[in-house]
Amino acid sequence: MKPLLIASTALLSVALYAQDTAMANVDSANNTVLNYRLNELVVSDDTPDVLLGELNSKKSRKGQTISADSKVAYYFENTTGEDGVYLKSMLFKVAKVKHKTEARIKIYKKHDYVQDTYHPKTGAKFSYATFIPGDPIATQEIIVFLEPGQKGVVEVDLTEYSIMMSKEGLFLSLEGVGYYDAAGKPAKITDPKEMTWIDFHPTTTDNYCGWINPIGTNSYFWNNINKHLKVDYEVVFEHKPSKKTITAPNFGLKVIMPKLKF
């Protein structure tokens, strides 16, 4: 069986995905939507919030364009250690917007699984534990519009959706929808230089997942980019990747623990 080459210059090994991985990808693309009973959130100016994730102001040349099929997900650990934590807002950093851009925010549970892959030179099979976005958490459509010239941190209010964060944490994904011209009509933008650019920064975590397409196929699936890179370097080059190699989207998540009104 011929290995599939992962379509990313950052991924170094040739990988075959085992049945467990295939099932995980089916789960994340065609899975059962989780329905939550929503309570009305009561939020005032003095309601305390906590910022989770790695949002920072460091400048970086790393990043990713937003296209119609792009998905960038980040896993937020519930470092509060408490249930009953609600999502207040998602924050992400934009480096460039040349055309009005429509994107959506989607929220997923964490899915743990074992990845099977192969050494690109010897063909030896090996496995490693990893995680990706799993079942989506049902909410209303969360749409974001970015305007030409917009730059810096964008904060999207999530309080109206009354989304509770479990102790296990969750993934937030920023997913491209499309572009609009100056007249407000849908526009097809294919030149990466014209696309909206979201900012990445160096990290040490494995919390970033990308939506990738193996060369020669029409299928897409989630891949834990940094975990894959770390394993590639360890197996193929027998050393750790440089600090500049492991990056993550500049995403943040504000959470609150307000009183609930029934």
# chains A, B, ... in the order shown; residues from 1 in each chain; ligands from 1
>>> closest_atom_pairs(of="region 137-194 of chain A", to="region 75-83 of chain A", cutoff="9 Å", atoms="only C-alpha atoms", output="tab-separated table")
residue	atom	partner	partner_atom	distance
A:Met164	CA	A:Asp83	CA	8.0
A:Met165	CA	A:Asp83	CA	6.9
A:Ser166	CA	A:Asp83	CA	5.4
A:Lys167	CA	A:Asn78	CA	5.5
A:Glu168	CA	A:Asn78	CA	6.4
A:Gly169	CA	A:Glu77	CA	4.6
A:Leu170	CA	A:Phe76	CA	5.5
A:Phe171	CA	A:Tyr75	CA	4.2
A:Leu172	CA	A:Tyr75	CA	6.6
A:Ser173	CA	A:Tyr75	CA	8.8
>>> select_by_dssp(residues="region 7-246 of chain A", states="helix (DSSP H, G or I)", output="PyMOL selection string")
chain A and resi 19-30+159-161+192-194+225-237
>>> residues_around(residues="Val114 (chain A)", least_positions_apart="2", cutoff="7 Å", atoms="only C-alpha atoms", output="CSV table (one decimal) with N, CA, C and O atoms, in the first residue's frame")
chain,number,residue,atom,x,y,z
A,116,ASP,N,-1.3,6.1,13.9
A,116,ASP,CA,-0.4,5.2,13.3
A,116,ASP,C,0.3,5.9,12.1
A,116,ASP,O,-0.4,6.5,11.3
A,127,SER,N,3.5,4.3,16.4
A,127,SER,CA,2.3,5.0,16.8
A,127,SER,C,2.6,6.0,17.9
A,127,SER,O,3.6,5.9,18.6
A,128,TYR,N,1.7,7.0,18.0
A,128,TYR,CA,1.8,7.9,19.1
A,128,TYR,C,0.4,8.4,19.5
A,128,TYR,O,-0.5,8.5,18.7
A,129,ALA,N,0.2,8.8,20.7
A,129,ALA,CA,-1.0,9.4,21.2
A,129,ALA,C,-1.1,10.8,20.9
A,129,ALA,O,-0.2,11.6,20.9
A,130,THR,N,-2.3,11.2,20.4
A,130,THR,CA,-2.5,12.6,20.1
A,130,THR,C,-4.0,13.0,20.3
A,130,THR,O,-4.8,12.2,20.8
>>> atom_distance(atom1="CA of Ile212 (chain A)", atom2="CA of Leu158 (chain A)")
27.2 Å
>>> closest_residue(among="A:His228, A:Arg104, A:Lys185, A:Lys98", to="Gln140 (chain A)", atoms="only C-alpha atoms")
A:Arg104
>>> closest_residue(among="A:Gly252, A:Val231, A:Ser219, A:Phe237", to="Tyr118 (chain A)", atoms="only C-alpha atoms")
A:Val231
>>> closest_residue(among="A:Ile189, A:Ile215, A:Ile256, A:Ala138", to="Thr65 (chain A)", atoms="only C-alpha atoms")
A:Ile189
>>> residues_around(residues="region 147-153 of chain A", least_positions_apart="6", cutoff="7 Å", atoms="only C-alpha atoms", output="number ranges by chain")
A: 91-101
>>> write_last_selection(atoms="C-alpha atoms", output="PDB file, in the first residue's frame")
ATOM      1  CA  LEU A  91     -10.012  36.569  20.790  1.00  0.00           C
ATOM      2  CA  PHE A  92      -7.744  36.165  17.786  1.00  0.00           C
ATOM      3  CA  LYS A  93      -5.083  38.317  16.195  1.00  0.00           C
ATOM      4  CA  VAL A  94      -5.374  39.499  12.585  1.00  0.00           C
ATOM      5  CA  ALA A  95      -2.245  40.577  10.704  1.00  0.00           C
ATOM      6  CA  LYS A  96      -3.871  41.744   7.447  1.00  0.00           C
ATOM      7  CA  VAL A  97      -7.329  42.231   5.902  1.00  0.00           C
ATOM      8  CA  LYS A  98      -7.511  43.497   2.299  1.00  0.00           C
ATOM      9  CA  HIS A  99     -11.071  42.376   1.486  1.00  0.00           C
ATOM     10  CA  LYS A 100     -14.177  42.014   3.620  1.00  0.00           C
ATOM     11  CA  THR A 101     -13.935  38.510   5.058  1.00  0.00           C
TER      12      THR A 101
END
>>> select_by_dssp(residues="region 59-114 of chain A", states="strand (DSSP E or B)", output="PyMOL selection string")
chain A and resi 63-65+71-76+85-96+100-114
>>> write_last_selection(atoms="N, CA, C and O atoms", output="compact mmCIF listing (two decimals), in the first residue's frame")
# COMPACT_ATOMS: atom_id res chain seq x y z
N GLY A 63 1.93 32.58 10.29
CA GLY A 63 0.50 32.82 10.21
C GLY A 63 -0.15 31.90 9.19
O GLY A 63 0.47 30.97 8.68
N GLN A 64 -1.40 32.19 8.89
CA GLN A 64 -2.14 31.40 7.92
C GLN A 64 -3.22 32.25 7.28
O GLN A 64 -3.82 33.10 7.93
N THR A 65 -3.46 32.01 6.00
CA THR A 65 -4.53 32.73 5.31
C THR A 65 -5.88 32.10 5.63
O THR A 65 -5.97 30.92 5.98
N LYS A 71 -9.56 25.82 8.15
CA LYS A 71 -10.00 25.65 9.54
C LYS A 71 -8.75 25.67 10.42
O LYS A 71 -7.79 24.95 10.14
N VAL A 72 -8.77 26.49 11.43
CA VAL A 72 -7.67 26.58 12.39
C VAL A 72 -8.25 26.42 13.78
O VAL A 72 -9.06 27.24 14.21
N ALA A 73 -7.85 25.37 14.47
CA ALA A 73 -8.45 25.08 15.78
C ALA A 73 -7.39 25.10 16.87
O ALA A 73 -6.24 24.69 16.66
N TYR A 74 -7.81 25.55 18.03
CA TYR A 74 -6.91 25.60 19.20
C TYR A 74 -7.63 24.99 20.40
O TYR A 74 -8.80 25.31 20.66
N TYR A 75 -6.93 24.12 21.11
CA TYR A 75 -7.50 23.48 22.29
C TYR A 75 -7.24 24.32 23.53
O TYR A 75 -6.09 24.63 23.86
N PHE A 76 -8.31 24.71 24.20
CA PHE A 76 -8.21 25.49 25.43
C PHE A 76 -8.44 24.57 26.63
O PHE A 76 -9.52 23.99 26.79
N VAL A 85 -18.10 26.80 34.13
CA VAL A 85 -17.41 27.95 33.54
C VAL A 85 -18.04 28.21 32.17
O VAL A 85 -18.18 27.30 31.36
N TYR A 86 -18.41 29.46 31.91
CA TYR A 86 -19.07 29.80 30.65
C TYR A 86 -18.15 30.64 29.76
O TYR A 86 -17.30 31.38 30.24
N LEU A 87 -18.35 30.50 28.47
CA LEU A 87 -17.54 31.24 27.50
C LEU A 87 -18.04 32.68 27.39
O LEU A 87 -19.23 32.93 27.18
N LYS A 88 -17.12 33.62 27.54
CA LYS A 88 -17.45 35.04 27.42
C LYS A 88 -17.11 35.57 26.03
O LYS A 88 -17.93 36.22 25.39
N SER A 89 -15.89 35.30 25.55
CA SER A 89 -15.50 35.80 24.23
C SER A 89 -14.29 35.05 23.70
O SER A 89 -13.48 34.53 24.46
N MET A 90 -14.20 34.98 22.37
CA MET A 90 -13.01 34.44 21.71
C MET A 90 -12.21 35.62 21.18
O MET A 90 -12.78 36.58 20.64
N LEU A 91 -10.89 35.53 21.30
CA LEU A 91 -10.01 36.57 20.79
C LEU A 91 -9.02 35.95 19.82
O LEU A 91 -8.50 34.85 20.07
N PHE A 92 -8.77 36.61 18.72
CA PHE A 92 -7.74 36.17 17.79
C PHE A 92 -7.09 37.38 17.15
O PHE A 92 -7.68 38.47 17.09
N LYS A 93 -5.87 37.20 16.70
CA LYS A 93 -5.08 38.32 16.20
C LYS A 93 -5.01 38.27 14.67
O LYS A 93 -4.62 37.27 14.08
N VAL A 94 -5.38 39.38 14.04
CA VAL A 94 -5.37 39.50 12.58
C VAL A 94 -4.18 40.35 12.16
O VAL A 94 -3.95 41.43 12.70
N ALA A 95 -3.41 39.85 11.19
CA ALA A 95 -2.24 40.58 10.70
C ALA A 95 -2.57 41.44 9.49
O ALA A 95 -1.96 42.49 9.29
N LYS A 96 -3.56 41.00 8.68
CA LYS A 96 -3.87 41.74 7.45
C LYS A 96 -5.27 41.40 6.97
O LYS A 96 -5.65 40.24 6.94
N LYS A 100 -13.23 42.42 2.59
CA LYS A 100 -14.18 42.01 3.62
C LYS A 100 -14.23 40.49 3.67
O LYS A 100 -14.40 39.82 2.65
N THR A 101 -14.08 39.94 4.88
CA THR A 101 -13.94 38.51 5.06
C THR A 101 -15.01 37.98 5.99
O THR A 101 -15.26 38.56 7.05
N GLU A 102 -15.63 36.88 5.60
CA GLU A 102 -16.61 36.21 6.46
C GLU A 102 -16.00 34.90 6.98
O GLU A 102 -15.45 34.12 6.22
N ALA A 103 -16.08 34.71 8.27
CA ALA A 103 -15.60 33.49 8.89
C ALA A 103 -16.61 33.05 9.94
O ALA A 103 -17.51 33.80 10.31
N ARG A 104 -16.46 31.84 10.41
CA ARG A 104 -17.32 31.35 11.48
C ARG A 104 -16.47 30.75 12.59
O ARG A 104 -15.35 30.29 12.35
N ILE A 105 -17.02 30.78 13.78
CA ILE A 105 -16.39 30.14 14.93
C ILE A 105 -17.17 28.87 15.24
O ILE A 105 -18.39 28.90 15.37
N LYS A 106 -16.46 27.75 15.34
CA LYS A 106 -17.10 26.50 15.73
C LYS A 106 -16.40 25.95 16.97
O LYS A 106 -15.21 26.17 17.18
N ILE A 107 -17.16 25.21 17.76
CA ILE A 107 -16.67 24.72 19.04
C ILE A 107 -16.79 23.20 19.05
O ILE A 107 -17.83 22.64 18.68
N TYR A 108 -15.71 22.54 19.45
CA TYR A 108 -15.65 21.07 19.42
C TYR A 108 -15.17 20.50 20.75
O TYR A 108 -14.39 21.13 21.46
N LYS A 109 -15.61 19.29 21.03
CA LYS A 109 -15.03 18.54 22.13
C LYS A 109 -13.65 18.06 21.72
O LYS A 109 -13.32 17.98 20.54
N LYS A 110 -12.83 17.69 22.69
CA LYS A 110 -11.52 17.11 22.43
C LYS A 110 -11.68 15.62 22.15
O LYS A 110 -12.41 14.92 22.85
N HIS A 111 -10.99 15.14 21.11
CA HIS A 111 -11.03 13.71 20.78
C HIS A 111 -9.62 13.13 20.86
O HIS A 111 -8.73 13.54 20.12
N ASP A 112 -9.41 12.19 21.78
CA ASP A 112 -8.12 11.52 21.93
C ASP A 112 -8.08 10.25 21.09
O ASP A 112 -9.07 9.52 21.02
N TYR A 113 -6.95 9.99 20.46
CA TYR A 113 -6.81 8.75 19.71
C TYR A 113 -5.32 8.45 19.50
O TYR A 113 -4.45 9.27 19.82
N VAL A 114 -5.04 7.26 18.97
CA VAL A 114 -3.67 6.84 18.68
C VAL A 114 -3.43 6.92 17.18
O VAL A 114 -4.16 6.34 16.39
>>> atom_distance(atom1="CA of Lys254 (chain A)", atom2="CA of Lys230 (chain A)")
28.8 Å
>>> atom_distance(atom1="CA of Asn226 (chain A)", atom2="CA of Asp206 (chain A)")
5.1 Å
>>> closest_residue(among="A:Phe221, A:Ser57, A:Gly134, A:Val156", to="Leu174 (chain A)", atoms="only C-alpha atoms")
A:Val156
>>> residues_around(residues="Ala248 (chain A)", least_positions_apart="6", cutoff="9 Å", atoms="only C-alpha atoms", output="list in words")
Glu54, Lys62, Gly63, Tyr74, Asp199, Phe200, His201, Pro202, Thr203, Thr204, Thr205, Asp206, Asn207, Tyr208, Cys209 and Asn226 of chain A
>>> write_last_selection(atoms="C-alpha atoms", output="compact mmCIF listing (two decimals), in the first residue's frame")
# COMPACT_ATOMS: atom_id res chain seq x y z
CA GLU A 54 -1.69 31.93 24.56
CA LYS A 62 4.16 33.07 11.07
CA GLY A 63 0.50 32.82 10.21
CA TYR A 74 -6.91 25.60 19.20
CA ASP A 199 -1.23 35.71 13.22
CA PHE A 200 0.67 32.76 14.73
CA HIS A 201 3.43 32.76 17.35
CA PRO A 202 6.07 30.33 18.69
CA THR A 203 4.80 27.90 21.31
CA THR A 204 5.72 24.71 23.16
CA THR A 205 2.22 23.17 23.26
CA ASP A 206 0.46 20.65 21.02
CA ASN A 207 -2.84 22.53 21.14
CA TYR A 208 -2.95 23.66 17.49
CA CYS A 209 -4.77 21.53 14.89
CA ASN A 226 2.72 20.36 16.48
